[in-house]
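Undergrad: Attaching a single structure in structure tokens format; questions to follow.
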Amino acid sequence: LLQSAISIMHSHGRTRFVLASILAFILSCDGFYMGMCLSGVPYETHARHKCSPTGPIDAAAGEEDACRMTQSWDPESYQKNAGFVAELGSEVLGLLAPRAHERILDLGCGDGVLTRKLADMGCHVVGIDASANQVAGAVAKGLEAYTMDGAAITFSNEFDAVFSNAALHWMTKPDAVIAGVKQALKPNGRFVAEFGGQGNVQKIRDSMEAALDERGLDGPSYNPWYFPSTTEYGERLKSAGFVVDSIQLIDRPTPLPGDVVEWLNTFGESYLRDVPVDDREAVLDDVRDRLQMVSRDPDGVWIADYVRLRFAAHLPPDGK
């Protein structure tokens, strides 16, 4: 019945009557079928990869654990307070050197800004992200994107390259992520990425953790990120069978578009997890005061002490 309704929609145009009928039917189905229909991607694709463009369906770790996050994402807020993240991704995009008609997986695609750039270059690109809200933002840009845990990638031997910008530091099971990337790549496939490296936002982390420590909480235990050294991550790549072509740490002090508190609200949600709601504003004000002398320039602009780890690696011809 659903396939017939979709055929009618494509044959006779997206009239309000037919669309209303389809939506009425969809709303009677579960969330998976709703996501499947609205994305326009065949059922078989979702079933094979056990994922959804609007929310998690299944994964190796189980439905509940697959995409559990301590950080929530709102595409509109992200674009306002962190739009610079995609803008600063041009260099790693250049390192990827994408070619038209290549099949590329964007790992941690977010709301799809760079995914869209890859698609506009003529690549056949698929985005995945653990945040259903961000994936919905990518789908709204006309992209093929799915909710999927980066540590439980289900693609196999499908991509010429895997690309990732500003996402791998959120994935705290790096060996599982690298293994999934390897599985997703074809022989000779490339893995090119940039993410937070050793020392990233150290001043912000120190201030946030000190504020929590003073309130009887174990500040460092709330750190949600994985910021490795080049040596550590390079060894992980090599142990998984990758040839590392280049890997480096890059100091990148980054002016923020607004107040540092807005940055903390966008990225540091996990730090406030056990802080009573009524106390959170005071904690953030405390952190702001601690950072005034070390993270604000003479013109009053807040500077995040970013350090990025950028690498390019590839699989050998036999893919092993």
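Ordered as shown in the structure tokens, chains take letters A, B, and onward, while each chain numbers its residues from 1 and ligands are numbered from 1 in the order shown.
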Hey, what does DSSP flag as alpha helix (DSSP H) within range 134-277 of chain A? Can you give it to me as a PyMOL selection string?
TA: chain A and resi 134-140+174-184+202-213+230-239+260-267
Undergrad: Find the nearest atom pair between each residue of range 232-279 of chain A and range 179-194 of chain A for residues within 10 Å, count only C-alpha atoms, give distances in Å to one decimal, sort rows by chain and ascending number, and present the table as a Markdown table.
TA:
| residue | atom | partner | partner_atom | distance |
| --- | --- | --- | --- | --- |
| A:Arg236 | CA | A:Ala179 | CA | 9.8 |
| A:Leu237 | CA | A:Ala179 | CA | 9.0 |
| A:Ser239 | CA | A:Ala179 | CA | 10.0 |
| A:Ala240 | CA | A:Ala179 | CA | 6.6 |
| A:Gly241 | CA | A:Lys182 | CA | 8.2 |
| A:Phe242 | CA | A:Lys182 | CA | 8.1 |
| A:Val243 | CA | A:Arg190 | CA | 9.4 |
| A:Val244 | CA | A:Phe191 | CA | 9.2 |
| A:Asp245 | CA | A:Val192 | CA | 9.7 |
| A:Ser246 | CA | A:Val192 | CA | 9.5 |
| A:Ile247 | CA | A:Glu194 | CA | 9.5 |
| A:Gln248 | CA | A:Glu194 | CA | 9.6 |
| A:Leu249 | CA | A:Glu194 | CA | 9.5 |
| A:Ile250 | CA | A:Glu194 | CA | 9.8 |
Undergrad: At a cut-off of 6 Å, using only C-alpha atoms, what residues contact Asp106 in chain A? Leave out same-chain residues fewer than 5 positions from it and give the result as a PyMOL selection string.
TA: chain A and resi 127+163-164
Undergrad: Rounded to one decimal, what separation in Å do you get between CA of Ala97 in chain A and CA of Ile178 in chain A?
TA: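 Rounded to one decimal, the two atoms are 20.4 Å apart.
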Undergrad: What does the distance from CA of Tyr306 in chain A to CA of Val201 in chain A come to in Å, to one decimal?
TA: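 Here the two named atoms are 5.2 Å from each other.
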Undergrad: Point out the residue among A:Glu158, A:Asp285, A:Glu144, A:Asp129 with the least atom-to-atom distance to Trp170 in chain A, counting only C-alpha atoms.
TA: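 The closest residue to Trp170 in chain A is A:Asp129.
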Undergrad: Between CA of Val177 in chain A and CA of Phe155 in chain A, what is the distance, to one decimal in Å?
TA: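 CA of Phe155 in chain A lies 12.1 Å from CA of Val177 in chain A.
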Undergrad: Rank A:Ser131, A:Thr172, A:Thr147, A:Asn200 by their smallest atom-to-atom distance to Thr254 in chain A, using only C-alpha atoms, and report the top residue only.
TA: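 Using only C-alpha atoms, Thr254 in chain A sits closest to A:Asn200.
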Undergrad: Measuring between only C-alpha atoms, which one of A:Val307, A:Leu114, A:Ala313, A:Met208 shows the shortest distance to Asn265 in chain A?
TA: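 With only C-alpha atoms as the atom set, the closest residue is A:Met208.
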Undergrad: Might you pull out every residue within 12 Å of range 215-221 of chain A, with only C-alpha atoms counted and same-chain residues fewer than 3 positions away left off, and present them as an NGL selection string?
TA: :A and (202 or 204-212 or 224-225 or 270-276 or 279-280 or 282-283 or 286)
